Amino acid sequence: MNFRFPKSEKLKSRKTIELLFEEGKSVTKFPIKVFFLPVENTENNQAGFAVPKRNFKNAVDRNRIKRQLREAYRLQKHLLKNESGLKFAIFFLYIGKEKLPYSKIETAMESLIKKL
């Protein structure tokens with residue numbers, strides 16, 4: 001199994017992100033909300049991560065939570081493989097108000113990926 005998270009799997013396109021928020025669907029499992037949209041022209045699932053500055057003023061805290069989100073996704077992304085070959089643009093938003101232990105983030109991420 002490939003547990004890497006290369007650049008080709010990172011969601012960076014502004015147009016895709018805007019389309020994701022306008023037309024995509026969302027699922028929530030505290031402390032993470034995920035927006036997703038099927039995309040045809042990509043060869044991999046693409047994922048983006050965000051932590052709002054409103055809830056975490058210090059960049060150190062925001063970066064740590066984003067790092068934990070990326071790690072949880074990287075270890076669970078093999079659950080997204082499906083037979084139909086459908087690829088998604090996925091955006092994970094941390095909606096919690098305080099820092100939670102990695103174990104809670106990991107279980108929330110796993111249940112969200114299984115829902116997709």
# chains A, B, ... in the order shown; residues from 1 in each chain; ligands from 1
call {"tool": "residues_around", "arguments": {"residues": "A:Tyr73", "least_positions_apart": "2", "cutoff": "12 Å", "atoms": "only C-alpha atoms", "output": "compact mmCIF listing (two decimals) with C-alpha atoms, in the first residue's frame"}}
result
# COMPACT_ATOMS: atom_id res chain seq x y z
CA PHE A 3 0.92 5.77 2.22
CA ARG A 4 2.56 8.78 0.57
CA PHE A 5 0.85 12.14 0.04
CA GLU A 9 -2.82 14.58 -4.54
CA LYS A 10 -2.91 18.06 -2.97
CA ILE A 32 -14.05 17.75 11.10
CA VAL A 34 -15.55 17.48 4.82
CA ASN A 45 -8.17 12.06 -5.33
CA GLN A 46 -7.13 15.57 -4.32
CA ALA A 47 -7.39 16.79 -0.74
CA GLY A 48 -7.06 20.17 0.95
CA PHE A 49 -7.03 21.09 4.64
CA LYS A 66 -3.36 20.85 9.80
CA ARG A 67 -0.38 18.51 10.15
CA GLN A 68 -2.49 16.11 12.22
CA LEU A 69 -5.32 16.25 9.65
CA ARG A 70 -2.90 15.50 6.80
CA GLU A 71 -1.37 12.60 8.71
CA LEU A 75 -3.01 6.83 6.71
CA GLN A 76 -6.72 6.39 5.86
CA LYS A 77 -6.85 7.40 2.17
CA HIS A 78 -6.65 3.78 1.00
CA LEU A 79 -10.30 3.46 2.13
CA LEU A 80 -11.32 5.86 -0.69
CA ILE A 90 -12.02 16.73 -0.98
CA PHE A 91 -11.62 19.58 1.50
CA PHE A 92 -11.28 18.96 5.24
CA TYR A 102 -4.68 13.06 17.61
CA ILE A 105 -8.98 13.43 14.93
CA GLU A 106 -7.95 10.07 13.52
CA THR A 107 -11.23 8.33 14.43
CA ALA A 108 -13.28 11.22 13.00
CA MET A 109 -11.25 11.12 9.79
CA GLU A 110 -11.68 7.37 9.45
CA SER A 111 -15.47 7.53 9.85
CA LEU A 112 -15.73 10.43 7.38
CA ILE A 113 -13.69 8.62 4.73
CA LYS A 114 -15.83 5.52 5.15
call {"tool": "closest_residue", "arguments": {"among": "A:Tyr94, A:Lys7, A:Met1, A:Glu18", "to": "A:Asp61", "atoms": "only C-alpha atoms"}}
result
A:Tyr94
call {"tool": "closest_residue", "arguments": {"among": "A:Leu100, A:Leu86, A:Val39, A:Ile95", "to": "A:Arg64", "atoms": "only C-alpha atoms"}}
result
A:Leu100
call {"tool": "residues_around", "arguments": {"residues": "A:Gly85", "least_positions_apart": "6", "cutoff": "10 Å", "atoms": "only C-alpha atoms", "output": "list in words"}}
result
Glu40, Glu43 and Asn44 of chain A
call {"tool": "atom_distance", "arguments": {"atom1": "atom CA of A:Leu20", "atom2": "atom CA of A:Lys87"}}
result
13.3 Å
call {"tool": "residues_around", "arguments": {"residues": "stretch 54-59 of chain A", "least_positions_apart": "5", "cutoff": "8 Å", "atoms": "only C-alpha atoms", "output": "list in words"}}
result
Gly96, Lys97 and Glu98 of chain A
